[in-house]
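Text of target-v3.cif, listed as mmCIF, C-alpha atoms:
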```cif
data_work
#
loop_
_atom_site.group_PDB
_atom_site.id
_atom_site.type_symbol
_atom_site.label_atom_id
_atom_site.label_comp_id
_atom_site.auth_asym_id
_atom_site.auth_seq_id
_atom_site.Cartn_x
_atom_site.Cartn_y
_atom_site.Cartn_z
ATOM 1 C CA MET A 1 -80.246 -81.122 -109.233
ATOM 2 C CA LEU A 2 -82.699 -79.295 -106.969
ATOM 3 C CA PRO A 3 -83.581 -75.657 -107.670
ATOM 4 C CA ARG A 4 -81.854 -73.200 -105.308
ATOM 5 C CA SER A 5 -83.351 -70.402 -103.231
ATOM 6 C CA LEU A 6 -81.577 -67.668 -101.277
ATOM 7 C CA ASP A 7 -83.021 -66.141 -98.093
ATOM 8 C CA LEU A 8 -81.671 -62.632 -97.401
ATOM 9 C CA GLY A 9 -81.446 -61.809 -93.698
ATOM 10 C CA CYS A 10 -82.158 -65.429 -92.780
ATOM 11 C CA GLY A 11 -81.244 -65.202 -89.094
ATOM 12 C CA ASP A 12 -81.545 -68.638 -87.463
ATOM 13 C CA ASN A 13 -84.032 -69.987 -90.007
ATOM 14 C CA VAL A 14 -83.124 -70.412 -93.684
ATOM 15 C CA ARG A 15 -86.456 -70.374 -95.506
ATOM 16 C CA GLY A 16 -87.386 -71.449 -98.988
ATOM 17 C CA PRO A 17 -89.858 -73.462 -101.028
ATOM 18 C CA ASP A 18 -90.376 -77.126 -100.156
ATOM 19 C CA GLY A 19 -88.232 -79.444 -102.230
ATOM 20 C CA TRP A 20 -85.615 -76.768 -102.989
ATOM 21 C CA GLU A 21 -81.996 -76.390 -101.873
ATOM 22 C CA HIS A 22 -82.016 -73.516 -99.334
ATOM 23 C CA TRP A 23 -79.212 -70.974 -98.887
ATOM 24 C CA GLY A 24 -79.086 -67.948 -96.594
ATOM 25 C CA ILE A 25 -77.234 -64.726 -95.880
ATOM 26 C CA ASP A 26 -77.173 -62.825 -92.616
ATOM 27 C CA ILE A 27 -74.917 -60.304 -90.911
ATOM 28 C CA ASP A 28 -74.617 -62.919 -88.137
ATOM 29 C CA PRO A 29 -75.493 -66.233 -89.824
ATOM 30 C CA ALA A 30 -76.888 -69.184 -87.952
ATOM 31 C CA ASN A 31 -74.961 -72.389 -87.592
ATOM 32 C CA HIS A 32 -76.333 -73.744 -90.860
ATOM 33 C CA PRO A 33 -74.108 -75.256 -93.560
ATOM 34 C CA ASN A 34 -75.683 -73.209 -96.368
ATOM 35 C CA THR A 35 -75.401 -69.740 -94.799
ATOM 36 C CA ARG A 36 -72.925 -67.001 -95.604
ATOM 37 C CA ALA A 37 -71.997 -63.899 -93.611
ATOM 38 C CA ALA A 38 -72.437 -60.533 -95.319
ATOM 39 C CA ASP A 39 -73.495 -57.026 -94.395
ATOM 40 C CA LEU A 40 -75.664 -56.278 -97.419
ATOM 41 C CA THR A 41 -75.538 -52.559 -96.658
ATOM 42 C CA PHE A 42 -72.043 -52.627 -98.161
ATOM 43 C CA ASP A 43 -71.119 -56.190 -99.196
ATOM 44 C CA PRO A 44 -72.081 -57.925 -102.436
ATOM 45 C CA ILE A 45 -74.094 -61.132 -102.278
ATOM 46 C CA PRO A 46 -71.378 -63.820 -101.910
ATOM 47 C CA PHE A 47 -72.603 -66.149 -104.657
ATOM 48 C CA PRO A 48 -71.893 -66.429 -108.388
ATOM 49 C CA ASP A 49 -74.006 -64.969 -111.179
ATOM 50 C CA ALA A 50 -77.285 -66.746 -112.037
ATOM 51 C CA PHE A 51 -76.887 -69.219 -109.125
ATOM 52 C CA PHE A 52 -80.483 -69.042 -107.817
ATOM 53 C CA GLN A 53 -83.948 -69.512 -109.198
ATOM 54 C CA ARG A 54 -85.538 -67.619 -106.293
ATOM 55 C CA VAL A 55 -84.371 -64.975 -103.796
ATOM 56 C CA SER A 56 -86.494 -63.947 -100.823
ATOM 57 C CA ALA A 57 -86.405 -60.994 -98.447
ATOM 58 C CA TRP A 58 -88.867 -61.775 -95.647
ATOM 59 C CA ASP A 59 -89.014 -58.865 -93.184
ATOM 60 C CA PHE A 60 -85.553 -57.794 -94.302
ATOM 61 C CA LEU A 61 -85.533 -54.766 -96.628
ATOM 62 C CA GLU A 62 -86.698 -52.406 -93.881
ATOM 63 C CA HIS A 63 -83.522 -53.249 -91.923
ATOM 64 C CA LEU A 64 -81.271 -51.733 -94.616
ATOM 65 C CA PRO A 65 -80.975 -48.000 -95.267
ATOM 66 C CA MET A 66 -81.944 -46.684 -98.676
ATOM 67 C CA ARG A 67 -78.628 -44.769 -98.760
ATOM 68 C CA ALA A 68 -75.486 -44.720 -96.651
ATOM 69 C CA TRP A 69 -72.616 -42.269 -96.383
ATOM 70 C CA VAL A 70 -69.061 -43.504 -96.151
ATOM 71 C CA ALA A 71 -65.706 -41.772 -95.829
ATOM 72 C CA ASP A 72 -62.407 -42.821 -97.354
ATOM 73 C CA PHE A 73 -59.062 -42.553 -95.550
ATOM 74 C CA SER A 74 -58.756 -38.874 -96.441
ATOM 75 C CA GLY A 75 -62.153 -38.147 -94.904
ATOM 76 C CA ARG A 76 -63.842 -37.539 -98.272
ATOM 77 C CA ARG A 77 -67.462 -38.624 -98.012
ATOM 78 C CA SER A 78 -69.433 -40.418 -100.671
ATOM 79 C CA THR A 79 -72.913 -41.864 -100.971
ATOM 80 C CA VAL A 80 -73.752 -45.532 -101.387
ATOM 81 C CA ASN A 81 -77.195 -46.231 -102.861
ATOM 82 C CA VAL A 82 -77.786 -49.318 -100.734
ATOM 83 C CA MET A 83 -81.150 -50.419 -102.156
ATOM 84 C CA VAL A 84 -80.091 -49.793 -105.745
ATOM 85 C CA ASN A 85 -76.970 -51.891 -105.138
ATOM 86 C CA LEU A 86 -78.967 -54.622 -103.407
ATOM 87 C CA PHE A 87 -81.491 -54.870 -106.247
ATOM 88 C CA ASN A 88 -78.598 -55.036 -108.725
ATOM 89 C CA GLU A 89 -77.031 -57.837 -106.674
ATOM 90 C CA VAL A 90 -80.289 -59.802 -106.407
ATOM 91 C CA TRP A 91 -80.708 -59.466 -110.178
ATOM 92 C CA ARG A 92 -77.111 -60.656 -110.686
ATOM 93 C CA VAL A 93 -77.479 -63.866 -108.638
ATOM 94 C CA LEU A 94 -80.880 -64.776 -110.141
ATOM 95 C CA GLU A 95 -80.982 -66.820 -113.307
ATOM 96 C CA PRO A 96 -83.025 -65.377 -116.196
ATOM 97 C CA GLY A 97 -86.700 -65.664 -115.312
ATOM 98 C CA GLY A 98 -85.874 -66.051 -111.599
ATOM 99 C CA VAL A 99 -88.134 -64.551 -108.945
ATOM 100 C CA PHE A 100 -87.380 -62.082 -106.159
ATOM 101 C CA GLU A 101 -90.014 -62.067 -103.425
ATOM 102 C CA SER A 102 -90.344 -59.592 -100.614
ATOM 103 C CA PHE A 103 -92.509 -59.398 -97.513
ATOM 104 C CA THR A 104 -92.140 -55.974 -95.940
ATOM 105 C CA PRO A 105 -94.127 -53.890 -93.440
ATOM 106 C CA HIS A 106 -95.439 -50.918 -95.359
ATOM 107 C CA LEU A 107 -96.833 -47.535 -94.553
ATOM 108 C CA PRO A 108 -99.575 -46.532 -93.765
ATOM 109 C CA HIS A 109 -99.399 -49.183 -91.006
ATOM 110 C CA PHE A 110 -97.359 -46.923 -88.726
ATOM 111 C CA GLN A 111 -97.387 -49.119 -85.634
ATOM 112 C CA ASP A 112 -96.032 -52.139 -87.473
ATOM 113 C CA VAL A 113 -93.393 -50.116 -89.320
ATOM 114 C CA PHE A 114 -92.132 -47.864 -86.532
ATOM 115 C CA ARG A 115 -92.354 -50.171 -83.500
ATOM 116 C CA ASP A 116 -89.088 -51.950 -84.337
ATOM 117 C CA PRO A 117 -86.070 -49.687 -83.692
ATOM 118 C CA THR A 118 -83.979 -51.694 -86.181
ATOM 119 C CA HIS A 119 -86.205 -50.556 -89.084
ATOM 120 C CA VAL A 120 -84.197 -47.914 -90.919
ATOM 121 C CA SER A 121 -86.045 -47.660 -94.231
ATOM 122 C CA TYR A 122 -89.730 -47.334 -94.829
ATOM 123 C CA TRP A 123 -91.618 -48.679 -97.803
ATOM 124 C CA VAL A 124 -94.845 -47.504 -99.354
ATOM 125 C CA GLU A 125 -96.650 -49.307 -102.118
ATOM 126 C CA GLN A 126 -95.333 -46.801 -104.673
ATOM 127 C CA THR A 127 -91.685 -47.487 -103.729
ATOM 128 C CA TRP A 128 -91.818 -50.477 -106.069
ATOM 129 C CA ASP A 129 -92.345 -48.059 -109.006
ATOM 130 C CA TYR A 130 -88.632 -47.251 -108.661
ATOM 131 C CA PHE A 131 -87.447 -50.875 -108.980
ATOM 132 C CA ALA A 132 -89.746 -52.812 -111.347
ATOM 133 C CA HIS A 133 -91.660 -52.412 -114.600
ATOM 134 C CA PRO A 134 -94.194 -51.032 -115.266
ATOM 135 C CA GLY A 135 -92.957 -48.572 -112.635
ATOM 136 C CA THR A 136 -93.039 -44.945 -113.623
ATOM 137 C CA MET A 137 -89.884 -43.977 -111.702
ATOM 138 C CA ILE A 138 -87.352 -46.528 -113.022
ATOM 139 C CA GLY A 139 -85.684 -43.897 -115.214
ATOM 140 C CA LEU A 140 -84.790 -41.889 -112.119
ATOM 141 C CA THR A 141 -83.466 -44.956 -110.288
ATOM 142 C CA ARG A 142 -81.334 -45.827 -113.343
ATOM 143 C CA ARG A 143 -79.637 -42.417 -112.970
ATOM 144 C CA TYR A 144 -78.549 -43.610 -109.518
ATOM 145 C CA GLY A 145 -77.093 -46.867 -110.840
ATOM 146 C CA LEU A 146 -79.955 -49.362 -111.197
ATOM 147 C CA VAL A 147 -79.111 -51.913 -113.892
ATOM 148 C CA ALA A 148 -81.508 -54.614 -112.665
ATOM 149 C CA ASP A 149 -84.406 -55.305 -114.997
ATOM 150 C CA PHE A 150 -87.347 -56.637 -112.980
ATOM 151 C CA SER A 151 -91.015 -56.894 -113.871
ATOM 152 C CA LEU A 152 -93.704 -56.809 -111.223
ATOM 153 C CA ILE A 153 -95.616 -60.112 -111.350
ATOM 154 C CA HIS A 154 -97.554 -60.009 -108.071
ATOM 155 C CA LYS A 155 -98.363 -57.539 -105.298
ATOM 156 C CA GLU A 156 -100.746 -58.245 -102.428
ATOM 157 C CA TRP A 157 -101.451 -56.844 -98.984
ATOM 158 C CA ARG A 158 -101.198 -59.338 -96.123
ATOM 159 C CA GLY A 159 -102.241 -57.377 -93.070
ATOM 160 C CA ALA A 160 -99.694 -54.598 -92.496
ATOM 161 C CA HIS A 161 -97.214 -56.230 -94.888
ATOM 162 C CA LEU A 162 -96.960 -56.037 -98.637
ATOM 163 C CA TYR A 163 -95.948 -59.230 -100.438
ATOM 164 C CA VAL A 164 -94.278 -58.535 -103.796
ATOM 165 C CA GLU A 165 -92.893 -60.811 -106.500
ATOM 166 C CA LEU A 166 -90.591 -59.542 -109.229
ATOM 167 C CA ARG A 167 -89.278 -61.519 -112.208
ATOM 168 C CA LYS A 168 -85.809 -61.059 -113.671
ATOM 169 C CA GLY A 169 -86.076 -59.948 -117.290
#
```
Before anything else, please render the file you have as C-alpha coordinates.
Amino acid sequence: MLPRSLDLGCGDNVRGPDGWEHWGIDIDPANHPNTRAADLTFDPIPFPDAFFQRVSAWDFLEHLPMRAWVADFSGRRSTVNVMVNLFNEVWRVLEPGGVFESFTPHLPHFQDVFRDPTHVSYWVEQTWDYFAHPGTMIGLTRRYGLVADFSLIHKEWRGAHLYVELRKG
(Lines of atoms letter the chains of each structure in order from A and count residues from 1; the text may use other names and numbers.)
(Lines give C-alpha, C1' and ligand atoms only; values in the text may rest on other atoms or scores of the structure.)
Protein backbone atom coordinates (compact mmCIF):
# COMPACT_ATOMS: atom_id res chain seq x y z
CA MET A 1 0.00 0.00 0.00
CA LEU A 2 1.30 3.45 -0.94
CA PRO A 3 1.63 6.14 1.74
CA ARG A 4 -1.14 8.77 1.59
CA SER A 5 -0.87 12.55 1.50
CA LEU A 6 -3.62 15.15 1.85
CA ASP A 7 -3.47 18.55 0.12
CA LEU A 8 -5.61 21.19 1.88
CA GLY A 9 -7.05 23.79 -0.48
CA CYS A 10 -5.95 21.75 -3.50
CA GLY A 11 -7.91 23.66 -6.14
CA ASP A 12 -7.44 22.02 -9.55
CA ASN A 13 -4.12 20.39 -8.67
CA VAL A 14 -3.83 17.74 -5.95
CA ARG A 15 -0.18 17.85 -4.88
CA GLY A 16 1.90 15.41 -2.92
CA PRO A 17 5.19 13.54 -2.84
CA ASP A 18 6.13 11.38 -5.83
CA GLY A 19 5.16 7.76 -5.37
CA TRP A 20 2.41 8.54 -2.84
CA GLU A 21 -1.38 8.26 -3.07
CA HIS A 22 -2.65 11.88 -3.30
CA TRP A 23 -5.89 13.16 -1.77
CA GLY A 24 -7.25 16.71 -1.70
CA ILE A 25 -9.81 18.97 -0.08
CA ASP A 26 -11.17 22.21 -1.46
CA ILE A 27 -14.26 24.35 -0.99
CA ASP A 28 -14.84 23.78 -4.73
CA PRO A 29 -12.90 20.59 -5.54
CA ALA A 30 -11.56 19.81 -8.97
CA ASN A 31 -12.86 16.92 -10.99
CA HIS A 32 -10.37 14.53 -9.42
CA PRO A 33 -11.39 11.15 -7.97
CA ASN A 34 -9.50 11.69 -4.70
CA THR A 35 -10.88 15.12 -3.78
CA ARG A 36 -13.50 15.97 -1.19
CA ALA A 37 -15.54 19.15 -0.74
CA ALA A 38 -15.28 20.94 2.60
CA ASP A 39 -15.22 24.48 3.90
CA LEU A 40 -12.46 24.09 6.48
CA THR A 41 -13.51 27.33 8.17
CA PHE A 42 -16.35 25.31 9.71
CA ASP A 43 -16.23 21.70 8.44
CA PRO A 44 -14.06 18.89 9.81
CA ILE A 45 -11.61 17.17 7.49
CA PRO A 46 -13.75 14.43 5.87
CA PHE A 47 -11.36 11.53 6.46
CA PRO A 48 -10.90 9.02 9.29
CA ASP A 49 -8.39 9.29 12.12
CA ALA A 50 -4.73 8.52 11.33
CA PHE A 51 -5.46 8.10 7.58
CA PHE A 52 -2.50 10.13 6.25
CA GLN A 53 1.24 10.14 6.65
CA ARG A 54 1.53 13.71 5.35
CA VAL A 55 -0.79 16.74 5.15
CA SER A 56 0.15 19.86 3.20
CA ALA A 57 -1.18 23.41 3.16
CA TRP A 58 0.47 25.16 0.21
CA ASP A 59 -0.66 28.80 0.04
CA PHE A 60 -3.79 27.88 1.97
CA LEU A 61 -3.72 28.91 5.65
CA GLU A 62 -3.87 32.62 4.81
CA HIS A 63 -7.25 32.01 3.12
CA LEU A 64 -8.88 30.96 6.42
CA PRO A 65 -9.69 33.37 9.24
CA MET A 66 -8.05 32.81 12.61
CA ARG A 67 -11.50 33.15 14.22
CA ALA A 68 -15.07 33.33 12.97
CA TRP A 69 -18.31 34.42 14.59
CA VAL A 70 -21.47 32.44 14.06
CA ALA A 71 -25.04 32.86 15.25
CA ASP A 72 -27.50 30.14 16.18
CA PHE A 73 -31.21 30.25 15.32
CA SER A 74 -31.95 32.48 18.30
CA GLY A 75 -29.34 34.99 17.15
CA ARG A 76 -26.90 34.15 19.97
CA ARG A 77 -23.37 34.64 18.68
CA SER A 78 -20.41 32.44 19.44
CA THR A 79 -16.78 32.30 18.39
CA VAL A 80 -15.17 29.53 16.38
CA ASN A 81 -11.39 29.30 16.71
CA VAL A 82 -10.85 28.30 13.08
CA MET A 83 -7.07 27.77 13.14
CA VAL A 84 -7.16 25.92 16.45
CA ASN A 85 -9.86 23.63 15.05
CA LEU A 86 -7.96 23.14 11.80
CA PHE A 87 -4.72 22.20 13.58
CA ASN A 88 -6.69 19.76 15.75
CA GLU A 89 -8.22 18.24 12.61
CA VAL A 90 -4.86 17.94 10.82
CA TRP A 91 -3.45 16.25 13.93
CA ARG A 92 -6.45 13.88 14.02
CA VAL A 93 -6.08 12.67 10.41
CA LEU A 94 -2.28 12.25 10.64
CA GLU A 95 -0.88 8.97 11.85
CA PRO A 96 1.59 9.15 14.76
CA GLY A 97 4.84 10.61 13.47
CA GLY A 98 3.07 12.10 10.42
CA VAL A 99 4.14 15.45 9.00
CA PHE A 100 2.16 18.64 8.42
CA GLU A 101 3.84 21.02 5.98
CA SER A 102 2.87 24.57 5.26
CA PHE A 103 3.97 27.14 2.70
CA THR A 104 2.51 30.52 3.61
CA PRO A 105 3.26 34.14 2.70
CA HIS A 106 4.47 35.79 5.87
CA LEU A 107 4.90 39.29 7.15
CA PRO A 108 7.05 41.39 6.83
CA HIS A 109 6.60 40.82 3.07
CA PHE A 110 3.60 43.15 2.90
CA GLN A 111 3.16 43.18 -0.87
CA ASP A 112 2.99 39.40 -1.12
CA VAL A 113 0.66 39.07 1.87
CA PHE A 114 -1.76 41.93 1.21
CA ARG A 115 -1.98 41.91 -2.60
CA ASP A 116 -4.46 39.01 -2.66
CA PRO A 117 -7.91 40.12 -1.43
CA THR A 118 -8.77 36.53 -0.47
CA HIS A 119 -6.07 36.52 2.24
CA VAL A 120 -7.93 36.88 5.52
CA SER A 121 -5.29 35.85 8.06
CA TYR A 122 -1.72 36.97 8.30
CA TRP A 123 1.16 34.92 9.59
CA VAL A 124 4.41 36.02 11.15
CA GLU A 125 7.24 33.69 12.00
CA GLN A 126 6.26 33.78 15.69
CA THR A 127 2.70 32.58 14.95
CA TRP A 128 4.07 29.04 14.94
CA ASP A 129 4.95 29.45 18.65
CA TYR A 130 1.21 29.05 19.30
CA PHE A 131 0.88 25.70 17.47
CA ALA A 132 4.10 23.66 17.88
CA HIS A 133 6.75 22.80 20.45
CA PRO A 134 9.06 24.31 21.52
CA GLY A 135 6.67 27.25 21.11
CA THR A 136 6.33 29.52 24.09
CA MET A 137 2.63 30.29 23.54
CA ILE A 138 1.13 26.78 23.31
CA GLY A 139 -0.31 27.04 26.82
CA LEU A 140 -2.43 30.00 25.73
CA THR A 141 -3.61 28.23 22.58
CA ARG A 142 -4.56 25.18 24.68
CA ARG A 143 -6.92 27.45 26.67
CA TYR A 144 -8.70 28.08 23.36
CA GLY A 145 -9.06 24.38 22.57
CA LEU A 146 -5.80 23.20 21.00
CA VAL A 147 -5.32 19.48 21.64
CA ALA A 148 -2.91 18.86 18.75
CA ASP A 149 0.61 17.99 19.82
CA PHE A 150 3.05 19.04 17.09
CA SER A 151 6.79 19.55 17.21
CA LEU A 152 8.54 21.95 14.88
CA ILE A 153 11.00 19.97 12.74
CA HIS A 154 11.86 22.49 10.01
CA LYS A 155 11.35 26.18 9.26
CA GLU A 156 12.89 28.00 6.31
CA TRP A 157 12.29 31.20 4.39
CA ARG A 158 11.71 30.79 0.65
CA GLY A 159 11.43 34.32 -0.66
CA ALA A 160 8.35 35.94 0.89
CA HIS A 161 7.02 32.56 2.05
CA LEU A 162 7.82 30.55 5.13
CA TYR A 163 8.01 26.78 4.70
CA VAL A 164 7.27 24.91 7.95
CA GLU A 165 7.19 21.22 8.83
CA LEU A 166 5.57 19.94 12.01
CA ARG A 167 5.57 16.35 13.28
CA LYS A 168 2.65 14.76 15.11
CA GLY A 169 3.73 13.71 18.59
*Quick one: apply the PyMOL selection byres ((chain A and resi 34) around 12) to the file and drop the selected residues here as number ranges by chain.*
A: 4-7, 10, 12-15, 21-26, 29-33, 35-37, 46-47
Can you write just those residues out, C-alpha atoms, as a CSV table (one decimal), keeping the file's coordinate frame?
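again_20.csv written:
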```
chain,number,residue,atom,x,y,z
A,4,ARG,CA,-81.9,-73.2,-105.3
A,5,SER,CA,-83.4,-70.4,-103.2
A,6,LEU,CA,-81.6,-67.7,-101.3
A,7,ASP,CA,-83.0,-66.1,-98.1
A,10,CYS,CA,-82.2,-65.4,-92.8
A,12,ASP,CA,-81.5,-68.6,-87.5
A,13,ASN,CA,-84.0,-70.0,-90.0
A,14,VAL,CA,-83.1,-70.4,-93.7
A,15,ARG,CA,-86.5,-70.4,-95.5
A,21,GLU,CA,-82.0,-76.4,-101.9
A,22,HIS,CA,-82.0,-73.5,-99.3
A,23,TRP,CA,-79.2,-71.0,-98.9
A,24,GLY,CA,-79.1,-67.9,-96.6
A,25,ILE,CA,-77.2,-64.7,-95.9
A,26,ASP,CA,-77.2,-62.8,-92.6
A,29,PRO,CA,-75.5,-66.2,-89.8
A,30,ALA,CA,-76.9,-69.2,-88.0
A,31,ASN,CA,-75.0,-72.4,-87.6
A,32,HIS,CA,-76.3,-73.7,-90.9
A,33,PRO,CA,-74.1,-75.3,-93.6
A,35,THR,CA,-75.4,-69.7,-94.8
A,36,ARG,CA,-72.9,-67.0,-95.6
A,37,ALA,CA,-72.0,-63.9,-93.6
A,46,PRO,CA,-71.4,-63.8,-101.9
A,47,PHE,CA,-72.6,-66.1,-104.7
```
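In terms of minimum interatomic distance to Thr79 (chain A), A:Phe42 ranks closest within A:Leu166, A:His119, A:Phe42, A:Phe103, counting all atoms listed in the file.
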*Tell me, in Å to one decimal, how far CA of Pro117 (chain A) is from CA of Tyr144 (chain A).*
27.6 Å
So which residues touch Ser78 (chain A) within 8 Å, counting all atoms listed in the file, skipping near sequence neighbours fewer than 6 positions away, as a tab-separated table (two decimals) with C-alpha atoms, keeping the file's coordinate frame?
```tsv
chain	number	residue	atom	x	y	z
A	69	TRP	CA	-72.62	-42.27	-96.38
A	70	VAL	CA	-69.06	-43.50	-96.15
A	71	ALA	CA	-65.71	-41.77	-95.83
```
*Length of the CA of Phe52 (chain A) to CA of Val99 (chain A) vector [Å]*: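 Spanning CA of Phe52 (chain A) to CA of Val99 (chain A) is a straight-line distance of 8.9 Å.
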*Do a neighbour search on Pro44 (chain A) at 8 Å with only C-alpha atoms, toss out local chain neighbours closer than 5 positions, and write the hits as a PyMOL selection string.*
chain A and resi 38+86+89
_Of the listed residues A:Glu95, A:Trp58, A:Asn85, A:His63, that which approaches Asp43 (chain A) most closely, counting all atoms listed in the file_ =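 Smallest separation from Asp43 (chain A) among the options: A:Asn85.
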_Top pick for closest residue to Gly16 (chain A), considering A:Met1, A:Ala50, A:Phe100, A:Val84 and counting all atoms listed in the file_ = A:Phe100
*In Å, with one decimal, what is the gap from CA of Val80 (chain A) to CA of Leu146 (chain A)?*
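Separation of CA of Val80 (chain A) and CA of Leu146 (chain A): 12.2 Å.
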